[in-house]
Amino acid sequence: MSKLGTLYGLGVGPGDPELITVKAFRLLKECPVIAYPRKKRGAKSYALAITELYVNTEQKEMMGLTFPMTRDKEALEMQWTKTVESVWAHLVQGKDVAFVTEGDPMIYSTYIHLMRLMNERHPEVKAVSIPGISSINASASRLGIPLADGDEQIAIVPAVDDYDKMRKAIEEHDCVVFIKVAKVIDLMLSVLRDLGLVNKASVLTKVTSSEEEIWRNVEELQGRELEYLTLMVVRK
């Protein structure tokens, strides 16, 4: 067998095209195959939009990968098998594949599952993660709020519809970044009110992008529908 290609997970930042590392930029230029999450209805992901600013996609093999949004185990297995094998088809030809992802590839990224399955099914493939600036880091900078200082504790918590769990996360840490907060914003506001911490929270949508929105008065969000890419920072 000829030398296998390397699978790279490339973090290209939270939205601002300038928040990409020099290493990620170099690998975008060097890798002949660029894989990206394909969105429905032709919408572009941040990762693809940023990538298109830095490389001539007509000179690359562009792979739009579909990641199923279903709980049907059989459907999930079939789609993920198809996705992994389509990437493997390039790697086995000796071509490096760069999978571009928003933020950091090792924080709540589709790359994580792709890497795991590739390791399981084709353990001979070398998978390399290139760190990126996450929305978590970017939010702290945009707000001018340190996430942690000295001996303080920080938590990164997916927001869920569980009052007690969300309250406990805030009570046990000096700072909490709640991701995926859009679907439970009213519950989160209830928790904050009961803890007397409404004025200690901020909410950001599509941080650093041209569509960024920031709310420091989170009471304004009661009953609002928010974009999926929304997070909340609670700093006591």
# chains A, B, ... in the order shown; residues from 1 in each chain; ligands from 1

call {"tool": "select_by_dssp", "arguments": {"residues": "chain A", "states": "strand (DSSP E)", "output": "NGL selection string"}}
result
:A and (7-11 or 33-37 or 61-65 or 97-101 or 127-130 or 154-158 or 175-179 or 201-205 or 213-215 or 230-235)

call {"tool": "residues_around", "arguments": {"residues": "A:Thr70", "least_positions_apart": "5", "cutoff": "12 Å", "atoms": "only C-alpha atoms", "output": "PyMOL selection string"}}
result
chain A and resi 75-80

call {"tool": "write_last_selection", "arguments": {"atoms": "all heavy atoms", "output": "short mmCIF file (atom, residue, chain, number, x, y, z; two decimals), in the first residue's frame"}}
result
data_model
loop_
_atom_site.label_atom_id
_atom_site.label_comp_id
_atom_site.auth_asym_id
_atom_site.auth_seq_id
_atom_site.Cartn_x
_atom_site.Cartn_y
_atom_site.Cartn_z
N ALA A 75 -30.16 4.83 10.77
CA ALA A 75 -29.90 5.91 9.81
C ALA A 75 -28.58 6.59 10.14
O ALA A 75 -27.80 6.94 9.23
CB ALA A 75 -31.04 6.93 9.84
N LEU A 76 -28.31 6.80 11.42
CA LEU A 76 -27.05 7.41 11.84
C LEU A 76 -25.86 6.56 11.41
O LEU A 76 -24.87 7.06 10.87
CB LEU A 76 -27.03 7.57 13.37
CG LEU A 76 -27.76 8.77 13.95
CD1 LEU A 76 -27.83 8.64 15.48
CD2 LEU A 76 -27.06 10.06 13.58
N GLU A 77 -25.97 5.25 11.67
CA GLU A 77 -24.89 4.32 11.34
C GLU A 77 -24.60 4.34 9.84
O GLU A 77 -23.44 4.41 9.40
CB GLU A 77 -25.27 2.91 11.79
CG GLU A 77 -24.22 1.85 11.49
CD GLU A 77 -23.00 1.94 12.39
OE1 GLU A 77 -23.08 2.60 13.45
OE2 GLU A 77 -21.96 1.36 12.02
N MET A 78 -25.65 4.33 9.04
CA MET A 78 -25.48 4.31 7.58
C MET A 78 -24.82 5.59 7.08
O MET A 78 -23.90 5.55 6.27
CB MET A 78 -26.85 4.14 6.90
CG MET A 78 -27.41 2.73 6.97
SD MET A 78 -29.02 2.60 6.16
CE MET A 78 -28.59 3.08 4.49
N GLN A 79 -25.29 6.73 7.57
CA GLN A 79 -24.73 8.00 7.09
C GLN A 79 -23.30 8.19 7.55
O GLN A 79 -22.44 8.64 6.77
CB GLN A 79 -25.59 9.17 7.59
CG GLN A 79 -25.13 10.52 7.05
CD GLN A 79 -25.14 10.60 5.53
OE1 GLN A 79 -26.15 10.35 4.89
NE2 GLN A 79 -24.00 10.92 4.93
N TRP A 80 -23.02 7.84 8.80
CA TRP A 80 -21.64 8.00 9.29
C TRP A 80 -20.69 7.04 8.58
O TRP A 80 -19.54 7.40 8.30
CB TRP A 80 -21.59 7.79 10.81
CG TRP A 80 -21.83 9.05 11.57
CD1 TRP A 80 -22.93 9.40 12.27
CD2 TRP A 80 -20.93 10.15 11.68
NE1 TRP A 80 -22.78 10.65 12.82
CE2 TRP A 80 -21.56 11.13 12.47
CE3 TRP A 80 -19.65 10.42 11.19
CZ2 TRP A 80 -20.96 12.36 12.79
CZ3 TRP A 80 -19.05 11.63 11.50
CH2 TRP A 80 -19.70 12.58 12.29
#

call {"tool": "residues_around", "arguments": {"residues": "A:Ser190", "least_positions_apart": "3", "cutoff": "12 Å", "atoms": "only C-alpha atoms", "output": "PyMOL selection string"}}
result
chain A and resi 161-164+166-167+184-187+193-198+218-219+221-223

call {"tool": "residues_around", "arguments": {"residues": "A:Asp104", "least_positions_apart": "4", "cutoff": "10 Å", "atoms": "only C-alpha atoms", "output": "PyMOL selection string"}}
result
chain A and resi 9-14+100+108-109+111+129-136

call {"tool": "write_last_selection", "arguments": {"atoms": "all heavy atoms", "output": "short mmCIF file (atom, residue, chain, number, x, y, z; two decimals), in the first residue's frame"}}
result
data_model
loop_
_atom_site.label_atom_id
_atom_site.label_comp_id
_atom_site.auth_asym_id
_atom_site.auth_seq_id
_atom_site.Cartn_x
_atom_site.Cartn_y
_atom_site.Cartn_z
N GLY A 9 -7.97 17.84 11.50
CA GLY A 9 -9.12 18.60 11.99
C GLY A 9 -8.65 20.03 12.15
O GLY A 9 -7.80 20.31 13.00
N LEU A 10 -9.15 20.94 11.31
CA LEU A 10 -8.67 22.33 11.32
C LEU A 10 -9.70 23.26 11.94
O LEU A 10 -10.78 23.47 11.38
CB LEU A 10 -8.40 22.83 9.89
CG LEU A 10 -7.18 22.34 9.13
CD1 LEU A 10 -7.02 23.16 7.87
CD2 LEU A 10 -5.93 22.44 9.96
N GLY A 11 -9.36 23.84 13.08
CA GLY A 11 -10.22 24.85 13.67
C GLY A 11 -9.95 26.18 12.98
O GLY A 11 -8.80 26.64 12.95
N VAL A 12 -11.00 26.79 12.40
CA VAL A 12 -10.80 28.05 11.68
C VAL A 12 -11.42 29.24 12.41
O VAL A 12 -11.66 30.30 11.83
CB VAL A 12 -11.33 27.97 10.22
CG1 VAL A 12 -10.52 26.97 9.43
CG2 VAL A 12 -12.81 27.62 10.19
N GLY A 13 -11.69 29.08 13.69
CA GLY A 13 -12.14 30.20 14.50
C GLY A 13 -13.64 30.32 14.62
O GLY A 13 -14.40 29.57 14.00
N PRO A 14 -14.10 31.28 15.41
CA PRO A 14 -15.53 31.41 15.73
C PRO A 14 -16.36 32.18 14.72
O PRO A 14 -17.59 32.17 14.80
CB PRO A 14 -15.50 32.15 17.07
CG PRO A 14 -14.29 33.02 16.96
CD PRO A 14 -13.27 32.20 16.21
N VAL A 100 -12.48 21.15 7.95
CA VAL A 100 -12.54 22.47 8.59
C VAL A 100 -13.77 22.55 9.48
O VAL A 100 -14.85 22.07 9.13
CB VAL A 100 -12.56 23.61 7.55
CG1 VAL A 100 -11.24 23.67 6.80
CG2 VAL A 100 -13.72 23.47 6.56
N TYR A 108 -16.80 20.10 21.23
CA TYR A 108 -18.15 19.96 20.68
C TYR A 108 -18.19 20.08 19.16
O TYR A 108 -18.99 20.81 18.60
CB TYR A 108 -19.09 20.99 21.31
CG TYR A 108 -19.24 20.84 22.81
CD1 TYR A 108 -18.69 21.79 23.67
CD2 TYR A 108 -19.93 19.77 23.35
CE1 TYR A 108 -18.83 21.65 25.05
CE2 TYR A 108 -20.07 19.62 24.72
CZ TYR A 108 -19.51 20.57 25.57
OH TYR A 108 -19.65 20.43 26.94
N SER A 109 -17.30 19.36 18.51
CA SER A 109 -17.18 19.47 17.05
C SER A 109 -17.55 18.15 16.38
O SER A 109 -17.34 17.07 16.93
CB SER A 109 -15.74 19.84 16.69
OG SER A 109 -15.46 19.57 15.34
N TYR A 111 -15.97 16.98 14.07
CA TYR A 111 -14.69 16.32 13.78
C TYR A 111 -14.40 15.22 14.80
O TYR A 111 -13.79 14.20 14.46
CB TYR A 111 -13.55 17.33 13.78
CG TYR A 111 -12.18 16.68 13.70
CD1 TYR A 111 -11.73 16.11 12.52
CD2 TYR A 111 -11.35 16.60 14.83
CE1 TYR A 111 -10.49 15.49 12.45
CE2 TYR A 111 -10.11 15.98 14.77
CZ TYR A 111 -9.68 15.43 13.57
OH TYR A 111 -8.46 14.81 13.51
N SER A 129 -5.16 17.02 15.10
CA SER A 129 -6.05 18.15 15.39
C SER A 129 -5.24 19.44 15.48
O SER A 129 -4.22 19.50 16.17
CB SER A 129 -6.79 17.90 16.71
OG SER A 129 -7.52 19.04 17.10
N ILE A 130 -5.70 20.47 14.77
CA ILE A 130 -5.04 21.78 14.81
C ILE A 130 -5.94 22.72 15.59
O ILE A 130 -7.06 23.03 15.16
CB ILE A 130 -4.82 22.34 13.38
CG1 ILE A 130 -4.06 21.32 12.51
CG2 ILE A 130 -4.08 23.67 13.45
CD1 ILE A 130 -2.71 20.90 13.06
N PRO A 131 -5.51 23.17 16.77
CA PRO A 131 -6.37 23.98 17.64
C PRO A 131 -6.86 25.25 16.95
O PRO A 131 -6.18 25.83 16.10
CB PRO A 131 -5.45 24.34 18.82
CG PRO A 131 -4.34 23.34 18.79
CD PRO A 131 -4.16 23.00 17.34
N GLY A 132 -8.06 25.65 17.32
CA GLY A 132 -8.63 26.88 16.81
C GLY A 132 -9.19 27.71 17.96
O GLY A 132 -9.36 27.21 19.07
N ILE A 133 -9.47 28.97 17.70
CA ILE A 133 -10.07 29.84 18.72
C ILE A 133 -11.55 29.51 18.79
O ILE A 133 -12.26 29.59 17.79
CB ILE A 133 -9.86 31.32 18.36
CG1 ILE A 133 -8.36 31.65 18.35
CG2 ILE A 133 -10.60 32.22 19.35
CD1 ILE A 133 -8.04 33.03 17.81
N SER A 134 -12.02 29.15 19.97
CA SER A 134 -13.42 28.78 20.12
C SER A 134 -14.28 30.00 20.44
O SER A 134 -13.78 31.05 20.82
CB SER A 134 -13.57 27.75 21.25
OG SER A 134 -13.40 28.39 22.51
N SER A 135 -15.59 29.83 20.30
CA SER A 135 -16.52 30.91 20.66
C SER A 135 -16.44 31.22 22.14
O SER A 135 -16.75 32.33 22.57
CB SER A 135 -17.95 30.51 20.28
OG SER A 135 -18.34 29.33 20.96
N ILE A 136 -16.00 30.25 22.91
CA ILE A 136 -15.86 30.45 24.36
C ILE A 136 -14.76 31.47 24.63
O ILE A 136 -14.96 32.44 25.37
CB ILE A 136 -15.53 29.10 25.04
CG1 ILE A 136 -16.70 28.12 24.84
CG2 ILE A 136 -15.21 29.28 26.52
CD1 ILE A 136 -16.32 26.67 24.98
#

call {"tool": "closest_residue", "arguments": {"among": "A:Trp215, A:Leu189, A:Ser141, A:Thr81", "to": "A:Arg116", "atoms": "only C-alpha atoms"}}
result
A:Thr81

call {"tool": "residues_around", "arguments": {"residues": "A:Ile145", "least_positions_apart": "5", "cutoff": "9 Å", "atoms": "only C-alpha atoms", "output": "VMD selection string"}}
result
chain A and resid 139 to 140 235

call {"tool": "write_last_selection", "arguments": {"atoms": "N, CA and C atoms", "output": "PDB file, in the first residue's frame"}}
result
ATOM      1  N   SER A 139     -15.805  34.932  23.204  1.00  0.00           N
ATOM      2  CA  SER A 139     -16.814  35.634  23.989  1.00  0.00           C
ATOM      3  C   SER A 139     -16.194  36.403  25.145  1.00  0.00           C
ATOM      4  N   ALA A 140     -15.222  35.794  25.795  1.00  0.00           N
ATOM      5  CA  ALA A 140     -14.552  36.473  26.909  1.00  0.00           C
ATOM      6  C   ALA A 140     -13.891  37.757  26.429  1.00  0.00           C
ATOM      7  N   ARG A 235     -20.682  35.175  35.085  1.00  0.00           N
ATOM      8  CA  ARG A 235     -19.426  35.432  35.833  1.00  0.00           C
ATOM      9  C   ARG A 235     -19.795  36.066  37.166  1.00  0.00           C
TER      10      ARG A 235
END

call {"tool": "residues_around", "arguments": {"residues": "A:Ile214", "least_positions_apart": "4", "cutoff": "8 Å", "atoms": "only C-alpha atoms", "output": "list in words"}}
result
Ser202, Val203, Leu204 and Thr205 of chain A

call {"tool": "closest_residue", "arguments": {"among": "A:Met115, A:Val92, A:Ala98, A:Val234", "to": "A:Ala148", "atoms": "only C-alpha atoms"}}
result
A:Val234
